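Following: one structure in structure tokens, then a few remarks.
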Amino acid sequence: MAFFLKGAPMKDRLILLFKESPERTLSSLEQQLHIENKEQREDLKDTLAQMEDERLVWKDGDVWRWIGEDYFVGRLKDISKFEFLVVNGDQKVYVRKSNGMDAFDRDEVLVRKSAGGNRIIHIFKRGIENITGVILKTRDGWKFRSDVDLHTAFRLTNAKEFSLANNTKAVVKVVDYTRPLGVKIIRLLGPASQKGVDIEAMLYENNVRMEFPEEVITETSKVPSTVSDRELEGRSDFRDLLTVTIDGDHSKDFDDAISLEKTDKGYRLYVHIADVSHYVKEDSPLDKEALLRGNSVYVVDRVVPMLPFELSNGICSLNPDVDRLTLTAVMDLDNNGNLMDTDVVESVIHSDKRCTYNDVNRLLAGDPAVQEEYQDVRDMLKNFEELTHKLQARSKERGYISFSTKEPTIELDDKGRPVNIYVAERGFSEQMIEEAMIMANVAVAKFLDEKKIPGIFRVHETPDPEKVATVLNMAKALNVPADFYPDEVSAKDIQKFLDTIEDETSRDVLSMVALRSMQKARYDSEDIGHFGLALEDYTHFTSPIRRYSDLVVHRMLRKYFFNKNADQTKMKGERRKIQKEAEHISTKEREAITMERLVNDYEAARYMEKKVGQRYQGTVVGVANFGFFVELDNTVEGLVPCHSLTDDFYRYDEGTMTLEGENNHKTYRMGQKVDVVCTDVDVPRGKITFGLA
């Protein structure tokens, strides 16, 4: 053992020691591990902190304790006035509130399991920082009532600092985790019934950066609104090249434009991207704020931009009939759509037309009115359509996984209330732009690698074999043949498997399960490939207005290619910096996705609030040990809880992801069509409950 302890990594040595004795002080660990110098001591402390982050150990005063089988780590849910539910994946334990310390909803906690009653003994991380609600005037003074019932009273600590009005929407910050909960007002948003104030409160509650600091506003005001002749020096002049943007009907920021020429060997595709890095200088207030935000946040009634609108909708937007500075990926492709050569240049463009997806779809369908309106760019768009078909054929050959997913469109009335939810049709023009952007991202990633330039890459790793095995289990349950191996699966294997499924319901179910088995795409300083797109090289180059990753890629191209900086020492330091930025913006991306879903769930609940008692047909899209989720055709989703299935006791089978009645053997599985009734709606939590009709 002494030999193992001496030669093994610090984490392995600590695990062995904790398994021998689950309670250790820092001094005893130093003695056991023969720590002799400051460097070894720092390694020990860092490893203990890492193990605590991984929830292998926890610190109890001066003692480090091993988290063994008698403990349970999970996220707390405040389910009643008397009891907490602590959840980790599909596992859960209950804790009486009398054994709950001072834990609150959404806290990450450590539970000591016991036959005499589970007890929370440690809080790793608080889940609630900001809370939304309303300020109410009562006989006892000003009170705060939270939107979501947290089963606690509140103690306002700074009400005297504000001129308050009754029923005002507010965001408060927790300052004292006691009962009642100590909170201070950090934002008054206006009357609770005011349009959009509910979404604004949710954004503040989730720490979305809503205002730009004064120094950012000052810097933005100094950015020119037009392109000067001096700025054109050294740039490729594409102003006489036929160029268009294609975006949504209501888009206001255009960060990409397209030009296309037919050549003797195939095509020359130009993807022009707004040169944001020309205006946003590294380490400036604008740049620091953009990094903190990481990306723009899109919710149903607004965009919270990464850059001030004066930039994103102004000088950085590729509006028609004005000069704009760009970085252009110039790609030569053969007649089959294979990439042959790439150049990336600093450029200037003058967009000829602002096209919309709807108009281009109508043009491709032969609409005479649009054909006439678009006559100057019609031939180029038809060539673009032709090239897109070839690019899609190349994608299919590679094994690009095309999952069948639905995105909701939520319509609000003039008072901000949801009046319709539907799935928008995706036309071919959207696919044209998608293929062009993917091609540009691939070409620039290869370009960075070939020139040995640092960059941020968009990576998607091979899925966990255990999760891929769930696809095989579900296929077996649905009697769908599958002949790939989880340990050796490729994107092409999965796409080929999905393509061979004839039954539409089975295909949708298995596509859903396959999608859930995938890893999350993220950013990294290493170009390790993209599994889902079946690509060896991939980055994000095409949206620097709304993604910081793209801004970094532009900056690296300028610094190390356009400006010909070959300092290897500086490049090495750049890669270390980029890795930290990549981890940060990956986190910010996940937060933005979560925010979008929270708002969508809230609006879906508002939409269904007046539809309680109505019947619908839906599809089972998820099954768990507590019930199953049903999605309606418009993407609205609700839970049918097990306690509402009164005809039998239902057991969950993890292997087949089904609920089966113990006596009647009735089974509920993914993809199954069911008739449901909307029985309850919890608007603040964004939760909808269905019962079987």
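Letters A, B, ... mark the chains of the structure tokens in the order given; residue numbers begin at 1 per chain; ligand numbers begin at 1, in order shown.
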Once DSSP has gone over the backbone, tell me which residues of stretch 318-349 of chain A are in strand (DSSP E), as a count of residues only.
23
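The residue that comes closest to A:Leu29, out of A:Asn625, A:Thr47, A:Ser312, A:Asn358 and on the basis of only C-alpha atoms, is A:Thr47.
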Write out as number ranges by chain all residues of stretch 58-227 of chain A that backbone DSSP assigns to helix (DSSP H, G or I).
A: 97-99, 159-161, 197-205, 214-221
Just checking: using only C-alpha atoms, which residue out of A:Asp413, A:Glu205, A:Asp287, A:Asp176 ends up closest to A:Leu156?
A:Asp176
Quick one: residues within 7 Å of A:Ile123, only C-alpha atoms, excluding same-chain residues fewer than 6 positions away - as number ranges by chain?
A: 107-110
Please identify every residue of stretch 427-497 of chain A that has at least one atom no farther than 7 Å from an atom of stretch 512-535 of chain A, counting only C-alpha atoms, and for each give the shortest atom pair and the distance in Å to one decimal, arranged by chain then increasing number, as CSV.
```
residue,atom,partner,partner_atom,distance
A:Gly455,CA,A:Ser525,CA,6.0
A:Ile456,CA,A:Ser525,CA,4.9
A:Phe457,CA,A:Asp524,CA,5.3
A:Arg458,CA,A:Tyr523,CA,4.8
A:Val459,CA,A:His530,CA,5.0
A:His460,CA,A:His530,CA,4.3
A:Glu461,CA,A:Phe531,CA,5.7
A:Thr462,CA,A:Phe531,CA,5.8
A:Pro463,CA,A:Met518,CA,5.1
A:Lys467,CA,A:Ser517,CA,4.9
A:Val468,CA,A:Ser517,CA,5.7
A:Val471,CA,A:Ala514,CA,5.8
A:Ala491,CA,A:Ala534,CA,5.9
```
With distances taken over only C-alpha atoms, which residue among A:Ile185, A:Leu307, A:Val683, A:Ile585 lies nearest A:Glu219?
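Between A:Ile185, A:Leu307, A:Val683, A:Ile585, the residue approaching A:Glu219 most closely is A:Leu307.
Once A:Glu233 and its same-chain neighbours fewer than 3 positions away are set aside, Val227, Ser228, Asp229, Arg230, Ser236, Asp237, Leu325, Glu346, Ser347 and Val348 of chain A remain within 12 Å of it when counting only C-alpha atoms.
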Residues near stretch 335-337 of chain A, cut-off 6 Å, only C-alpha atoms, skip fewer than 2 positions along chain, as number ranges by chain:
A: 266, 333, 390-391
Please write the residues from the selection above to a file, keeping C-alpha atoms, as an mmCIF file, in the first residue's frame.
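Listing of result-v8.cif after writing:
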```
data_model
loop_
_atom_site.group_PDB
_atom_site.id
_atom_site.type_symbol
_atom_site.label_atom_id
_atom_site.label_comp_id
_atom_site.auth_asym_id
_atom_site.auth_seq_id
_atom_site.Cartn_x
_atom_site.Cartn_y
_atom_site.Cartn_z
ATOM 1 C CA GLY A 266 -18.276 24.217 -59.118
ATOM 2 C CA LEU A 333 -16.439 23.889 -53.690
ATOM 3 C CA LYS A 390 -25.507 19.030 -52.635
ATOM 4 C CA LEU A 391 -24.252 20.109 -49.207
#
```
Find, counting only C-alpha atoms, the residue in A:His540, A:Lys262, A:Lys396, A:Lys496 that gets nearest to A:Ile438.
A:His540
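Distance check against A:Val244 using only C-alpha atoms: of A:Phe144, A:Tyr71, A:Phe649, A:Tyr374, the minimum falls on A:Tyr374.
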Smallest atom-to-atom distance to A:Gly74: which of A:Lys125, A:Lys252, A:Lys288, A:Val57, using only C-alpha atoms?
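Closest residue, counting only C-alpha atoms: A:Lys125.
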